[in-house]
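> The following block contains the structure, expressed as structure tokens.
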Amino acid sequence: MLSLLLLHLLAERESYGYEVVRRLQEAGFADVLEGSVYPALARLEREERIATRLVPSPSGPARKYYRLTPAGWHALRAGSTAWARHTSSVDAVLARPLPTAPEEGS
């Protein structure tokens, strides 16, 4: 799920690593830390789903900005479709009425 979220955020706009972490946290994923985001970004880059460029920073070393590649756009569309199908199936099961729970001691 993290890869799909990263692809979506980067489809919205090119970002550097810490900014992506902050955007994830602002979206409600407060438990997602840099220690899991940076390896996921590196994997997406190895898979050629994202590309990078260095941009000089006024407050320190250059920042590595990430953006989607054509393969990344394809993965985002396919992943979003699969996720929607998955959540629909889960919702269908969870919407089924439950039988009455047996009483304790029965």
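Just so we're on the same page: first chain in the structure tokens is A, next is B, and so on; residues restart at 1 for each chain, and ligands are numbered from 1 in the order they show up.
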Env of segment 10-13 of chain A: 7 Å cut, atoms = only C-alpha atoms, seq-sep filter 5 positions within chain, self excluded. Answer as number ranges by chain.

A: 66-68

> Report as a ChimeraX atom specification all protein, DNA and RNA residues lying within 7 Å of Leu54 of chain A, evaluated on only C-alpha atoms, omitting residues in the same chain fewer than 4 positions from it.

/A:62-65

> List every residue of chain A that DSSP, applied to the backbone, labels as strand (DSSP E), and write the result as a compact mmCIF listing (two decimals) with N, CA, C and O atoms, in the first residue's frame.


# COMPACT_ATOMS: atom_id res chain seq x y z
N SER A 15 8.15 15.85 -5.58
CA SER A 15 8.49 16.18 -4.19
C SER A 15 9.82 15.56 -3.81
O SER A 15 10.24 14.58 -4.40
N TYR A 16 10.44 16.12 -2.77
CA TYR A 16 11.63 15.51 -2.20
C TYR A 16 11.21 14.63 -1.03
O TYR A 16 10.08 14.69 -0.56
N ILE A 50 9.78 5.66 -10.76
CA ILE A 50 10.02 7.07 -10.48
C ILE A 50 11.42 7.44 -10.96
O ILE A 50 12.30 6.57 -11.08
N ALA A 51 11.60 8.71 -11.24
CA ALA A 51 12.91 9.23 -11.62
C ALA A 51 13.26 10.35 -10.64
O ALA A 51 12.37 10.88 -9.95
N THR A 52 14.52 10.70 -10.58
CA THR A 52 14.96 11.72 -9.63
C THR A 52 15.77 12.80 -10.34
O THR A 52 16.28 12.60 -11.44
N ARG A 53 15.85 13.93 -9.67
CA ARG A 53 16.75 15.00 -10.08
C ARG A 53 17.17 15.75 -8.84
O ARG A 53 16.41 15.84 -7.86
N LEU A 54 18.39 16.26 -8.86
CA LEU A 54 18.91 17.02 -7.73
C LEU A 54 18.61 18.50 -7.95
O LEU A 54 18.83 19.03 -9.04
N VAL A 55 18.12 19.15 -6.90
CA VAL A 55 17.78 20.57 -6.95
C VAL A 55 18.54 21.26 -5.83
O VAL A 55 18.43 20.83 -4.67
N PRO A 56 19.33 22.30 -6.15
CA PRO A 56 20.04 23.02 -5.08
C PRO A 56 19.07 23.53 -4.02
O PRO A 56 17.95 23.94 -4.33
N SER A 57 19.51 23.46 -2.78
CA SER A 57 18.69 23.92 -1.67
C SER A 57 19.36 25.13 -1.03
O SER A 57 20.57 25.12 -0.80
N GLY A 60 21.14 24.09 2.66
CA GLY A 60 21.95 22.88 2.84
C GLY A 60 22.24 22.19 1.53
O GLY A 60 22.24 22.82 0.47
N PRO A 61 22.47 20.87 1.60
CA PRO A 61 22.79 20.12 0.38
C PRO A 61 21.60 20.05 -0.58
O PRO A 61 20.46 20.30 -0.20
N ALA A 62 21.90 19.72 -1.81
CA ALA A 62 20.86 19.60 -2.83
C ALA A 62 19.83 18.55 -2.41
O ALA A 62 20.16 17.57 -1.74
N ARG A 63 18.61 18.78 -2.81
CA ARG A 63 17.52 17.84 -2.50
C ARG A 63 17.25 16.97 -3.71
O ARG A 63 17.26 17.44 -4.84
N LYS A 64 16.95 15.70 -3.44
CA LYS A 64 16.59 14.76 -4.50
C LYS A 64 15.07 14.80 -4.65
O LYS A 64 14.34 14.44 -3.72
N TYR A 65 14.62 15.27 -5.80
CA TYR A 65 13.19 15.32 -6.09
C TYR A 65 12.79 14.09 -6.88
O TYR A 65 13.53 13.64 -7.76
N TYR A 66 11.61 13.57 -6.57
CA TYR A 66 11.09 12.36 -7.20
C TYR A 66 9.88 12.72 -8.05
O TYR A 66 9.06 13.56 -7.66
N ARG A 67 9.75 12.05 -9.21
CA ARG A 67 8.60 12.24 -10.09
C ARG A 67 8.29 10.91 -10.77
O ARG A 67 9.16 10.05 -10.90
N LEU A 68 7.05 10.76 -11.20
CA LEU A 68 6.65 9.53 -11.87
C LEU A 68 7.22 9.43 -13.28
O LEU A 68 7.35 10.44 -13.96

> Return the single residue from A:Arg96, A:Arg23, A:Arg85, A:His8 that is closest to Gly72 of chain A, with distances computed using only C-alpha atoms.

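Of A:Arg96, A:Arg23, A:Arg85, A:His8, the one nearest Gly72 of chain A is A:His8, counting only C-alpha atoms.
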
> At what distance in Å, to one decimal, does atom CA of Pro70 of chain A lie from atom CA of Glu19 of chain A?

22.2 Å

> Can you tell me, as a VMD selection string, which residues in chain A count as helix (DSSP H, G or I) by DSSP?

chain A and resid 2 to 12 17 to 26 34 to 46 70 to 94
